[in-house]
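structure02.txt (compact mmCIF, C-alpha atoms and all ligand atoms) appears below.
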```txt
# COMPACT_ATOMS: atom_id res chain seq x y z
CA MET T 989 -3.99 4.81 -9.19
CA LEU T 990 -3.69 1.46 -7.48
CA VAL T 991 -7.03 0.03 -8.56
CA GLU T 992 -9.19 1.18 -11.43
CA ASN T 993 -12.63 -0.20 -12.22
CA GLN T 994 -11.89 -3.28 -10.23
CA ARG T 995 -12.74 -4.60 -6.81
CA CYS T 996 -10.24 -4.61 -3.99
CA VAL T 997 -9.73 -6.92 -1.03
CA ILE T 998 -7.54 -5.61 1.77
CA GLY T 999 -6.30 -8.15 4.31
CA MET T 1000 -5.24 -6.60 7.61
CA LEU T 1001 -3.55 -9.75 8.84
CA ASP T 1002 -3.33 -9.14 12.57
CA GLY T 1003 -0.08 -10.55 13.96
CA PHE T 1004 1.20 -11.82 10.58
CA GLY T 1005 4.82 -10.74 10.95
CA LEU T 1006 7.51 -11.58 8.44
CA THR T 1007 8.50 -14.69 10.41
CA TYR T 1008 5.06 -16.19 9.77
CA LEU T 1009 5.30 -15.55 6.05
CA GLU T 1010 8.82 -16.97 5.89
CA GLY T 1011 8.11 -19.94 8.14
CA THR T 1012 5.00 -21.30 6.45
CA ASN T 1013 4.34 -23.15 3.22
CA LEU T 1014 1.85 -20.80 1.54
CA PRO T 1015 1.52 -21.72 -2.13
CA VAL T 1016 -1.05 -19.10 -3.12
CA ILE T 1017 0.61 -16.19 -1.33
CA LYS T 1018 4.14 -17.12 -2.35
CA ASN T 1019 3.68 -18.62 -5.81
CA LYS T 1020 0.86 -16.44 -7.05
CA LEU T 1021 0.30 -13.22 -5.12
CA ILE T 1022 3.97 -12.44 -4.56
CA LYS T 1023 5.39 -13.94 -7.74
CA GLU T 1024 2.86 -12.31 -10.03
CA GLY T 1025 2.42 -9.21 -7.86
CA LEU T 1026 4.56 -6.99 -5.65
CA PHE T 1027 6.18 -7.81 -2.34
CA LYS T 1028 8.37 -5.96 0.11
CA LYS T 1029 9.38 -5.94 3.73
CA VAL T 1030 7.97 -2.88 5.53
CA SER T 1031 7.97 -1.46 9.04
CA GLY T 1032 4.95 -1.20 11.24
CA CYS T 1033 3.97 2.03 12.95
CA TYR T 1034 4.86 2.71 16.58
CA PRO T 1035 4.02 1.10 18.90
CA SER T 1036 3.52 -2.42 17.57
CA VAL T 1037 -0.06 -2.77 18.83
CA THR T 1038 -3.24 -3.22 16.86
CA ASN T 1039 -5.34 -0.06 16.88
CA VAL T 1040 -2.51 2.30 16.02
CA ASN T 1041 -1.53 0.21 13.03
CA ASN T 1042 -5.03 -0.78 11.98
CA VAL T 1043 -6.05 2.88 11.80
CA GLY T 1044 -2.74 3.70 10.11
CA ILE T 1045 -3.40 1.13 7.39
CA ALA T 1046 -7.06 2.12 6.98
CA THR T 1047 -6.22 5.82 6.70
CA GLY T 1048 -2.75 5.71 5.14
CA SER T 1049 -1.42 8.10 7.77
CA TRP T 1050 0.90 8.40 10.76
CA PRO T 1051 -0.33 8.15 14.38
CA LYS T 1052 0.26 11.88 14.98
CA ASP T 1053 -2.08 12.61 12.06
CA HIS T 1054 -4.81 10.00 12.53
CA GLY T 1055 -4.92 10.45 16.30
CA ILE T 1056 -5.07 6.86 17.57
CA ILE T 1057 -1.82 6.63 19.53
CA ALA T 1058 -2.41 3.34 21.37
CA ASN T 1059 -5.21 1.03 22.52
CA SER T 1060 -5.43 3.25 25.61
CA TYR T 1061 -4.02 6.52 26.81
CA PHE T 1062 -3.49 8.12 30.21
CA ASN T 1063 -5.65 11.16 30.82
CA ARG T 1064 -3.47 13.37 33.00
CA GLU T 1065 -6.40 15.61 33.94
CA SER T 1066 -8.68 12.87 35.19
CA GLY T 1067 -5.76 10.77 36.40
CA THR T 1068 -7.13 7.61 34.78
CA PRO T 1069 -6.28 5.52 31.72
CA GLU T 1070 -8.94 5.55 29.01
CA TYR T 1071 -9.60 3.37 25.99
CA MET T 1072 -8.80 4.79 22.60
CA ASN T 1073 -11.30 2.78 20.63
CA ASP T 1074 -13.48 5.77 19.88
CA LYS T 1075 -14.05 6.46 16.20
CA ASN T 1076 -14.48 10.14 17.03
CA LEU T 1077 -10.77 10.33 17.86
CA ILE T 1078 -9.80 9.51 14.24
CA LYS T 1079 -8.87 12.82 12.66
CA VAL T 1080 -8.41 11.86 8.99
CA ASP T 1081 -10.51 10.04 6.38
CA SER T 1082 -10.31 6.26 6.25
CA VAL T 1083 -10.50 4.32 2.99
CA PHE T 1084 -14.15 3.76 3.85
CA ILE T 1085 -14.90 7.48 3.92
CA LYS T 1086 -12.68 8.11 0.88
CA GLY T 1087 -14.57 5.35 -0.91
CA LYS T 1088 -17.94 6.82 -0.06
CA LYS T 1089 -16.85 10.19 -1.38
CA ARG T 1090 -16.12 8.42 -4.68
CA ASN T 1091 -19.42 6.53 -4.65
CA LYS T 1092 -17.71 3.26 -3.84
CA LYS T 1093 -19.46 0.56 -1.87
CA VAL T 1094 -17.29 -0.56 1.02
CA ALA T 1095 -17.44 -3.40 3.53
CA VAL T 1096 -15.47 -4.00 6.72
CA LEU T 1097 -15.23 -7.53 8.10
CA SER T 1098 -13.59 -8.13 11.45
CA SER T 1099 -13.10 -11.13 13.71
CA LYS T 1100 -13.17 -8.98 16.84
CA LYS T 1101 -15.39 -5.96 16.95
CA LYS T 1102 -12.39 -3.57 17.09
CA SER T 1103 -12.52 -2.68 13.41
CA THR T 1104 -16.28 -2.40 13.14
CA GLU T 1105 -16.31 -0.08 16.17
CA LEU T 1106 -13.73 2.13 14.53
CA PHE T 1107 -14.95 2.06 10.94
CA GLY T 1108 -18.37 0.40 10.90
CA ASP T 1109 -20.33 3.64 10.68
CA SER T 1110 -18.52 4.77 7.56
CA ALA T 1111 -18.89 1.44 5.72
CA ASP T 1112 -21.92 0.25 3.77
CA ILE T 1113 -21.52 -3.20 5.27
CA ALA T 1114 -19.94 -3.94 8.64
CA ILE T 1115 -19.70 -7.52 9.86
CA THR T 1116 -18.05 -8.88 12.97
CA ALA T 1117 -17.72 -12.55 13.84
CA GLU T 1118 -18.56 -11.65 17.43
CA ASN T 1119 -22.04 -10.58 16.40
CA PRO T 1120 -22.72 -11.82 12.87
CA PRO T 1121 -25.86 -10.97 10.88
CA LYS T 1122 -28.51 -13.69 10.74
CA ASP T 1123 -28.67 -14.01 6.96
CA LEU T 1124 -24.91 -14.52 6.75
CA VAL T 1125 -25.05 -17.23 9.44
CA GLU T 1126 -27.83 -18.93 7.47
CA ALA T 1127 -25.68 -18.82 4.34
CA ILE T 1128 -22.26 -19.88 5.66
CA GLY T 1129 -22.87 -21.14 9.20
CA GLU T 1130 -22.04 -19.90 12.68
CA PRO T 1131 -18.58 -18.43 13.26
CA ALA T 1132 -16.26 -20.25 15.63
CA HIS T 1133 -15.43 -18.75 19.02
CA ILE T 1134 -13.50 -15.47 18.97
CA TYR T 1135 -10.57 -17.19 20.73
CA SER T 1136 -9.96 -19.75 17.99
CA SER T 1137 -8.13 -19.92 14.67
CA GLU T 1138 -11.30 -21.11 12.90
CA VAL T 1139 -12.94 -17.72 13.40
CA ASN T 1140 -10.53 -16.29 10.82
CA ASP T 1141 -11.49 -18.94 8.30
CA TRP T 1142 -15.14 -18.02 8.84
CA LEU T 1143 -14.25 -14.40 8.14
CA TRP T 1144 -12.51 -15.23 4.86
CA HIS T 1145 -15.47 -17.43 3.97
CA ALA T 1146 -17.74 -14.42 4.61
CA ALA T 1147 -15.56 -12.26 2.35
CA ILE T 1148 -15.80 -14.81 -0.45
CA TYR T 1149 -19.57 -15.08 0.04
CA LEU T 1150 -19.89 -11.29 -0.33
CA LEU T 1151 -17.62 -11.17 -3.39
CA LYS T 1152 -19.81 -13.76 -5.09
CA LYS T 1153 -23.17 -12.44 -3.94
CA ASP T 1154 -22.76 -8.70 -4.36
CA LYS T 1155 -20.48 -7.71 -7.22
CA SER T 1156 -21.19 -4.03 -6.56
CA ILE T 1157 -18.96 -4.02 -3.48
CA ASP T 1158 -15.80 -2.13 -4.43
CA LEU T 1159 -13.74 -2.68 -1.30
CA ILE T 1160 -13.70 -5.39 1.35
CA TYR T 1161 -11.42 -4.80 4.35
CA VAL T 1162 -10.80 -8.04 6.23
CA HIS T 1163 -9.31 -7.76 9.73
CA ILE T 1164 -8.49 -11.19 11.15
CA THR T 1165 -7.66 -11.82 14.81
CA ASP T 1166 -4.08 -12.44 15.97
CA TYR T 1167 -5.20 -15.08 18.47
CA PRO T 1168 -3.53 -17.88 16.46
CA MET T 1169 -0.21 -15.98 16.43
CA HIS T 1170 -0.44 -15.38 20.17
CA ARG T 1171 -0.97 -19.09 20.58
CA TRP T 1172 1.52 -20.57 18.12
CA ALA T 1173 4.99 -19.86 16.78
CA PRO T 1174 5.30 -20.05 12.98
CA GLU T 1175 6.73 -23.58 13.04
CA GLU T 1176 3.95 -25.05 15.18
CA ILE T 1177 1.33 -27.15 13.48
CA GLY T 1178 -1.56 -24.99 14.70
CA SER T 1179 -0.08 -21.95 13.00
CA GLN T 1180 0.73 -23.85 9.83
CA LEU T 1181 -2.86 -25.10 9.55
CA HIS T 1182 -4.32 -21.68 10.31
CA LEU T 1183 -2.25 -19.88 7.69
CA GLN T 1184 -2.62 -22.60 5.07
CA LYS T 1185 -6.38 -22.31 5.40
CA MET T 1186 -6.09 -18.57 4.87
CA ASP T 1187 -3.83 -19.20 1.89
CA ALA T 1188 -6.44 -21.51 0.35
CA ARG T 1189 -9.16 -18.89 0.90
CA LEU T 1190 -7.01 -16.30 -0.88
CA GLY T 1191 -6.76 -18.80 -3.73
CA GLU T 1192 -10.57 -19.00 -3.81
CA ILE T 1193 -10.70 -15.21 -4.02
CA THR T 1194 -8.40 -15.12 -7.04
CA GLU T 1195 -10.73 -17.63 -8.71
CA CYS T 1196 -14.15 -16.22 -7.78
CA ALA T 1197 -13.09 -12.59 -8.21
CA PRO T 1198 -10.30 -12.62 -10.82
CA ASP T 1199 -10.74 -8.89 -11.35
CA ALA T 1200 -10.03 -8.09 -7.70
CA ALA T 1201 -6.83 -6.56 -6.44
CA ILE T 1202 -5.55 -8.13 -3.22
CA LEU T 1203 -3.56 -6.02 -0.75
CA LEU T 1204 -2.05 -7.64 2.33
CA THR T 1205 -0.11 -6.37 5.29
CA ALA T 1206 -0.06 -6.72 9.08
CA ASP T 1207 -0.21 -4.53 12.16
CA HIS T 1208 2.58 -6.17 14.15
CA SER T 1209 4.54 -9.36 14.45
CA MET T 1210 4.74 -11.64 17.48
CA ASN T 1211 7.55 -13.02 19.67
CA LYS T 1212 7.96 -15.41 22.57
CA LYS T 1213 8.09 -13.47 25.86
CA THR T 1214 9.60 -14.73 29.07
CA ARG T 1215 9.37 -11.94 31.65
CA CYS T 1216 7.23 -8.98 32.68
CA TRP T 1217 8.17 -5.97 34.80
CA ASN T 1218 5.61 -3.91 36.67
CA LEU T 1219 7.46 -0.60 36.40
CA ALA T 1220 5.13 1.23 38.81
CA LYS T 1221 6.02 -1.31 41.51
CA VAL T 1222 9.70 -1.33 40.53
CA CYS T 1223 9.99 2.43 40.99
CA GLU T 1224 7.81 2.57 44.10
CA ASN T 1225 9.87 -0.18 45.74
CA ARG T 1226 13.00 1.90 45.06
CA GLY T 1227 11.56 5.07 46.56
CA ILE T 1228 10.40 7.02 43.50
CA PRO T 1229 6.70 6.40 42.85
CA LEU T 1230 5.46 7.16 39.33
CA LEU T 1231 2.34 9.05 38.40
CA PHE T 1232 1.45 6.28 35.95
CA ALA T 1233 3.00 3.53 33.81
CA LEU T 1234 0.91 2.61 30.77
CA SER T 1235 0.99 -0.48 28.60
CA PRO T 1236 -0.16 0.79 25.21
CA GLU T 1237 -1.72 -2.62 24.48
CA ARG T 1238 -4.11 -2.20 27.38
CA ASP T 1239 -7.59 -3.00 26.06
CA TYR T 1240 -10.58 -5.10 26.92
CA TYR T 1241 -9.47 -8.27 25.16
CA ILE T 1242 -7.21 -9.43 27.94
CA LYS T 1243 -7.25 -13.20 27.51
CA HIS T 1244 -4.21 -13.62 25.31
CA HIS T 1245 -1.83 -10.92 26.49
CA LYS T 1246 -2.98 -9.88 29.99
CA ASN T 1247 -2.55 -6.24 28.91
CA TYR T 1248 1.22 -6.54 28.98
CA THR T 1249 3.16 -4.78 26.23
CA GLY T 1250 6.73 -4.83 24.93
CA CYS T 1251 7.10 -1.13 25.73
CA SER T 1252 5.89 1.15 28.49
CA TRP T 1253 5.08 4.85 28.75
CA ILE T 1254 5.96 6.55 32.01
CA TRP T 1255 4.32 9.64 33.48
CA LEU T 1256 6.43 11.18 36.26
CA LYS T 1257 5.12 12.82 39.43
CA ASP T 1258 7.91 15.36 39.33
CA PRO T 1259 10.11 16.34 36.35
CA GLU T 1260 13.11 15.98 38.67
CA ASP T 1261 12.44 12.24 38.93
CA LYS T 1262 13.40 11.79 35.29
CA GLU T 1263 17.04 10.78 35.56
CA PRO T 1264 16.72 8.67 38.74
CA VAL T 1265 13.74 6.82 37.20
CA ARG T 1266 15.66 6.32 33.98
CA ASP T 1267 18.60 4.85 35.92
CA ILE T 1268 16.35 2.49 37.89
CA ILE T 1269 14.58 1.17 34.79
CA LYS T 1270 17.72 0.95 32.64
CA SER T 1271 19.32 -1.33 35.21
CA LEU T 1272 16.55 -3.94 34.81
CA GLU T 1273 17.24 -7.12 32.90
CA GLY T 1274 15.52 -7.07 29.51
CA VAL T 1275 15.28 -3.31 29.12
CA ASP T 1276 16.80 -2.23 25.79
CA GLU T 1277 16.57 1.53 26.31
CA VAL T 1278 14.73 4.33 28.14
CA TYR T 1279 14.06 7.21 25.76
CA ASP T 1280 12.84 10.75 26.18
CA SER T 1281 9.34 10.79 24.73
CA LYS T 1282 10.30 13.59 22.33
CA TYR T 1283 12.82 11.33 20.63
CA ILE T 1284 10.21 8.61 20.11
CA ALA T 1285 7.50 11.08 19.03
CA ASP T 1286 9.82 12.60 16.40
CA LYS T 1287 11.27 9.35 15.14
CA TYR T 1288 7.97 7.45 14.86
CA LYS T 1289 5.69 10.38 14.05
CA THR T 1290 3.40 9.95 17.00
CA SER T 1291 1.95 12.37 19.55
CA ILE T 1292 4.25 13.55 22.33
CA HIS T 1293 1.16 14.43 24.40
CA HIS T 1294 0.07 10.81 24.74
CA ILE T 1295 3.24 8.80 25.33
CA GLY T 1296 4.32 10.07 28.72
CA ASP T 1297 7.59 11.60 29.89
CA LEU T 1298 9.77 8.55 29.32
CA VAL T 1299 9.42 5.64 26.91
CA VAL T 1300 10.76 2.24 27.95
CA GLU T 1301 11.61 -0.30 25.25
CA GLY T 1302 12.03 -3.95 26.11
CA ASP T 1303 14.22 -6.54 24.44
CA LYS T 1304 12.64 -9.30 22.35
CA ASN T 1305 11.53 -11.33 25.37
CA THR T 1306 10.44 -8.65 27.84
CA MET T 1307 7.02 -7.22 28.63
CA PHE T 1308 5.74 -4.47 30.91
CA GLY T 1309 2.40 -4.22 32.63
CA GLU T 1310 0.28 -4.38 35.73
CA ALA T 1311 1.68 -7.65 37.09
CA ASP T 1312 0.89 -8.60 40.71
CA GLU T 1313 4.56 -8.48 41.68
CA GLU T 1314 7.29 -6.25 40.32
CA TYR T 1315 8.68 -9.19 38.35
CA GLU T 1316 6.78 -12.04 36.78
CA THR T 1317 8.12 -15.04 34.92
CA LEU T 1318 5.72 -15.61 32.06
CA ASP T 1319 4.27 -18.99 31.26
CA GLU T 1320 6.01 -21.16 28.70
CA GLY T 1321 4.47 -20.45 25.30
CA TYR T 1322 3.59 -16.84 26.08
CA ARG T 1323 3.71 -14.93 22.81
CA ALA T 1324 3.00 -11.23 22.43
CA HIS T 1325 4.08 -7.92 20.88
CA GLY T 1326 4.39 -4.19 21.51
CA SER T 1327 8.17 -3.76 21.30
CA LEU T 1328 10.42 -2.47 18.53
CA HIS T 1329 11.16 -6.13 17.76
CA GLU T 1330 7.70 -6.77 16.30
CA MET T 1331 7.73 -4.20 13.52
CA GLU T 1332 9.03 -6.23 10.55
CA LEU T 1333 6.07 -6.94 8.33
CA PRO T 1334 5.24 -8.08 4.81
CA MET T 1335 3.45 -5.96 2.24
CA ILE T 1336 1.91 -7.75 -0.72
CA MET T 1337 0.01 -6.27 -3.67
CA TYR T 1338 -1.54 -8.48 -6.32
CA ASN T 1339 -3.35 -7.53 -9.51
CA THR T 1340 -2.92 -3.76 -9.06
CA ASN T 1341 -1.99 -0.93 -11.41
CA LEU T 1342 0.59 0.56 -9.09
CA GLU T 1343 3.76 1.60 -10.88
CA ILE T 1344 6.88 -0.11 -9.58
CA ASP T 1345 8.64 3.15 -8.73
CA LYS T 1346 5.67 4.18 -6.58
CA PHE T 1347 5.70 0.78 -4.89
CA ASN T 1348 9.43 1.13 -4.23
CA GLU T 1349 8.77 4.34 -2.30
CA LEU T 1350 6.49 2.62 0.23
CA THR T 1351 8.17 2.01 3.59
CA HIS T 1352 5.47 1.31 6.20
CA ASN T 1353 2.37 -0.87 6.51
CA LYS T 1354 0.23 2.29 6.51
CA ASP T 1355 1.39 2.98 2.94
CA LEU T 1356 -0.67 0.02 1.70
CA THR T 1357 -3.66 2.23 1.00
CA ILE T 1358 -2.16 5.62 0.14
CA HIS T 1359 -2.51 5.17 -3.62
CA LEU T 1360 -5.75 3.20 -3.51
CA TRP T 1361 -7.93 5.57 -5.49
CA ASP T 1362 -5.57 8.49 -6.12
CA LYS T 1363 -5.05 9.88 -9.58
ZN ZN T 1401 -2.85 -7.01 16.50
```
Go through the file and emit its structure as structure tokens.
Amino acid sequence: MLVENQRCVIGMLDGFGLTYLEGTNLPVIKNKLIKEGLFKKVSGCYPSVTNVNNVGIATGSWPKDHGIIANSYFNRESGTPEYMNDKNLIKVDSVFIKGKKRNKKVAVLSSKKKSTELFGDSADIAITAENPPKDLVEAIGEPAHIYSSEVNDWLWHAAIYLLKKDKSIDLIYVHITDYPMHRWAPEEIGSQLHLQKMDARLGEITECAPDAAILLTADHSMNKKTRCWNLAKVCENRGIPLLFALSPERDYYIKHHKNYTGCSWIWLKDPEDKEPVRDIIKSLEGVDEVYDSKYIADKYKTSIHHIGDLVVEGDKNTMFGEADEEYETLDEGYRAHGSLHEMELPMIMYNTNLEIDKFNELTHNKDLTIHLWDK
């Protein structure tokens, strides 16, 4: 059992890839949580977008089992892409439901409403900075705008307030926004300040709730991106129109990534188009590989029914999406994720009972919660 008769704080640190941990002076995380606790480098789940990994971490399971394959999916029957933010699509128990079954009191705190939409119903307390409860605002002030780094500090402040005010809460799941990582590389001052504030808040947690276990991991990392291909236009312009090309990151928070993603899922009009389409896309600058979807589904334990006929993987700097032209040069400072190059993540466990050999077996971010309350 990972925690026993103690509270637990889970940090789902959106966008906090290994490069951010390595590139920032974080005294609490590095000198306390890691030194006195457990740390390892883990892989994210495929693809490196938020919902898939957030649900993976919250349920401790693979995409093929929990059912959230991407932020969106293409519905072949209706011929339209649809959002995958529906809690009814989650097929396994989250830590919130597992907690309830064990009479635990659980809270989910999220900068964006993504997490509260997915898990809010199964938690005793669900708070989002986009629509915060009045009494919390009276106690700790208004949250900053959702597109800011300060909103994350407000969220950690809210977690600390709850830990102090209601000691009967057994689990607090904190899902920060990755807006600061989209905006700044690890070495930039904005990122340093953002993460150092978070580090200080984690220090406050160790002081105000010394009994609490702290578990940290991320959904994906972040890289500088320089180009975007619109694969539907690319193939149409070369005489083989596609049925659909989907960016798995496609969701309704478009401001910081324009729905572009570091991979793309291709639905063909005709199975015979497969090899010609593969050849066209493979010849593009910045394309690492074009896989059969079966290979990807098997390797990354996701659903073959939702990832198209072909899976395109970009290099570190390449995105795919519904750009106006077939090729777009991205603005300087454009940072995003979604490729196989954003899957290196930290896993940190502090003040837990987990045996070291069990910790050594963990390989993916989703494993953070698998031993939470097991026997
Ligand atoms: Zn994310």
- Which residue, T:Lys1262, T:Arg1171, T:His1294, T:His1325, has the smallest gap to ligand ZN 1401 (chain T) when you use only C-alpha atoms and all ligand atoms?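 Once distances to ligand ZN 1401 (chain T) are computed over only C-alpha atoms and all ligand atoms, the minimum belongs to T:His1325.
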- Task: Residues within 6 Å of ligand ZN 1401 (chain T) should be enumerated using all atoms listed in the file and returned as an MDAnalysis selection string.
- Result: chainID T and resid 1002:1003 1037:1038 1166 1207:1208
Since we have the selection now, will you write its residues out, keeping C-alpha atoms, as an mmCIF file, keeping the file's coordinate frame?
```cif
data_model
loop_
_atom_site.group_PDB
_atom_site.id
_atom_site.type_symbol
_atom_site.label_atom_id
_atom_site.label_comp_id
_atom_site.auth_asym_id
_atom_site.auth_seq_id
_atom_site.Cartn_x
_atom_site.Cartn_y
_atom_site.Cartn_z
ATOM 1 C CA ASP T 1002 -3.330 -9.140 12.570
ATOM 2 C CA GLY T 1003 -0.080 -10.550 13.960
ATOM 3 C CA VAL T 1037 -0.060 -2.770 18.830
ATOM 4 C CA THR T 1038 -3.240 -3.220 16.860
ATOM 5 C CA ASP T 1166 -4.080 -12.440 15.970
ATOM 6 C CA ASP T 1207 -0.210 -4.530 12.160
ATOM 7 C CA HIS T 1208 2.580 -6.170 14.150
#
```
- Nearest to Ile998 (chain T) among T:Cys1251, T:Val1094, T:Val1016, T:Ile1085, with distances taken over all atoms listed in the file: which residue is it?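 Once distances to Ile998 (chain T) are computed over all atoms listed in the file, the minimum belongs to T:Val1094.
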- Which protein, DNA or RNA residues are at most 9 Å from (5.5, -9.7, 6.5) in the file's coordinates when you count only C-alpha atoms, listed as an MDAnalysis selection string? chainID T and resid 1004:1010 1028:1031 1204:1206 1208:1209 1332:1336
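Distance annotation: of T:Ser1252, T:Ser1060, T:Asn1211, T:Asn1091, the residue with the minimal separation from Pro1174 (chain T) is T:Asn1211; atom set is only C-alpha atoms.
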- Message: Just to confirm, what's the straight-line distance from CA of Lys1023 (chain T) to CA of Asp1199 (chain T) in Å (one decimal)?
- Response: 17.3 Å
- In Å to one decimal, how far is CA of Leu1181 (chain T) from CA of Ser1136 (chain T)?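 Distance between the two atoms: 12.3 Å.
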- Query: With distances taken over only C-alpha atoms, which of T:Pro1198, T:Gly1025, T:Gly1250, T:Gly1227 is nearest to Gly1326 (chain T)?
  - Reply: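 Checking each of T:Pro1198, T:Gly1025, T:Gly1250, T:Gly1227 against Gly1326 (chain T), counting only C-alpha atoms, the winner is T:Gly1250.
Nearest to Cys1196 (chain T) of all the residues T:Lys1221, T:Lys1152, T:Glu1138, T:Lys1093 is T:Lys1152, based on all atoms listed in the file.
Going from CA of Ala1200 (chain T) over to CA of Ala1132 (chain T), you cover 27.0 Å.
Considering the residues T:His1329, T:His1145, T:Lys1289, T:His1163 and counting all atoms listed in the file, Lys1185 (chain T) has its shortest atom-to-atom contact with T:His1145.
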- Message: So that I can check the surroundings of region 1047-1054 of chain T, please list as a PyMOL selection string every protein, DNA and RNA residue that reaches within 10 Å of it, counting all atoms listed in the file and ignoring chain neighbours fewer than 2 positions away.
- Response: chain T and resi 1033-1035+1039-1045+1056-1058+1077-1086+1285-1286+1288-1294+1352-1360
Start from the incomplete input, build all heavy atoms for region 1299-1305 of chain T, and deliver everything as a tab-separated table (two decimals), in the frame of the given file.
```
chain	number	residue	atom	x	y	z
T	1299	VAL	N	9.89	6.81	27.65
T	1299	VAL	CA	9.42	5.64	26.91
T	1299	VAL	C	10.42	4.51	27.13
T	1299	VAL	O	11.60	4.65	26.84
T	1299	VAL	CB	9.29	5.97	25.41
T	1299	VAL	CG1	9.05	4.70	24.60
T	1299	VAL	CG2	8.17	6.98	25.17
T	1300	VAL	N	9.91	3.39	27.64
T	1300	VAL	CA	10.76	2.24	27.95
T	1300	VAL	C	10.57	1.19	26.85
T	1300	VAL	O	9.44	0.83	26.52
T	1300	VAL	CB	10.38	1.63	29.31
T	1300	VAL	CG1	11.28	0.45	29.64
T	1300	VAL	CG2	10.44	2.69	30.40
T	1301	GLU	N	11.67	0.74	26.28
T	1301	GLU	CA	11.61	-0.30	25.25
T	1301	GLU	C	12.27	-1.57	25.74
T	1301	GLU	O	13.42	-1.57	26.16
T	1301	GLU	CB	12.29	0.19	23.96
T	1301	GLU	CG	11.51	1.28	23.23
T	1301	GLU	CD	10.15	0.81	22.73
T	1301	GLU	OE1	9.97	-0.40	22.46
T	1301	GLU	OE2	9.24	1.66	22.62
T	1302	GLY	N	11.52	-2.67	25.66
T	1302	GLY	CA	12.03	-3.95	26.11
T	1302	GLY	C	12.81	-4.68	25.03
T	1302	GLY	O	12.70	-4.34	23.86
T	1303	ASP	N	13.59	-5.68	25.44
T	1303	ASP	CA	14.22	-6.54	24.44
T	1303	ASP	C	13.15	-7.50	23.90
T	1303	ASP	O	11.98	-7.42	24.26
T	1303	ASP	CB	15.47	-7.24	25.00
T	1303	ASP	CG	15.15	-8.32	26.04
T	1303	ASP	OD1	13.95	-8.67	26.20
T	1303	ASP	OD2	16.09	-8.80	26.69
T	1304	LYS	N	13.58	-8.42	23.06
T	1304	LYS	CA	12.64	-9.30	22.35
T	1304	LYS	C	11.76	-10.12	23.29
T	1304	LYS	O	10.66	-10.51	22.92
T	1304	LYS	CB	13.49	-10.23	21.47
T	1304	LYS	CG	12.81	-10.66	20.20
T	1304	LYS	CD	13.82	-11.44	19.35
T	1304	LYS	CE	13.13	-12.02	18.14
T	1304	LYS	NZ	14.06	-12.74	17.27
T	1305	ASN	N	12.24	-10.40	24.48
T	1305	ASN	CA	11.53	-11.33	25.37
T	1305	ASN	C	10.88	-10.66	26.58
T	1305	ASN	O	10.41	-11.36	27.48
T	1305	ASN	CB	12.51	-12.41	25.87
T	1305	ASN	CG	13.24	-13.09	24.75
T	1305	ASN	OD1	14.45	-13.00	24.66
T	1305	ASN	ND2	12.50	-13.71	23.85
```
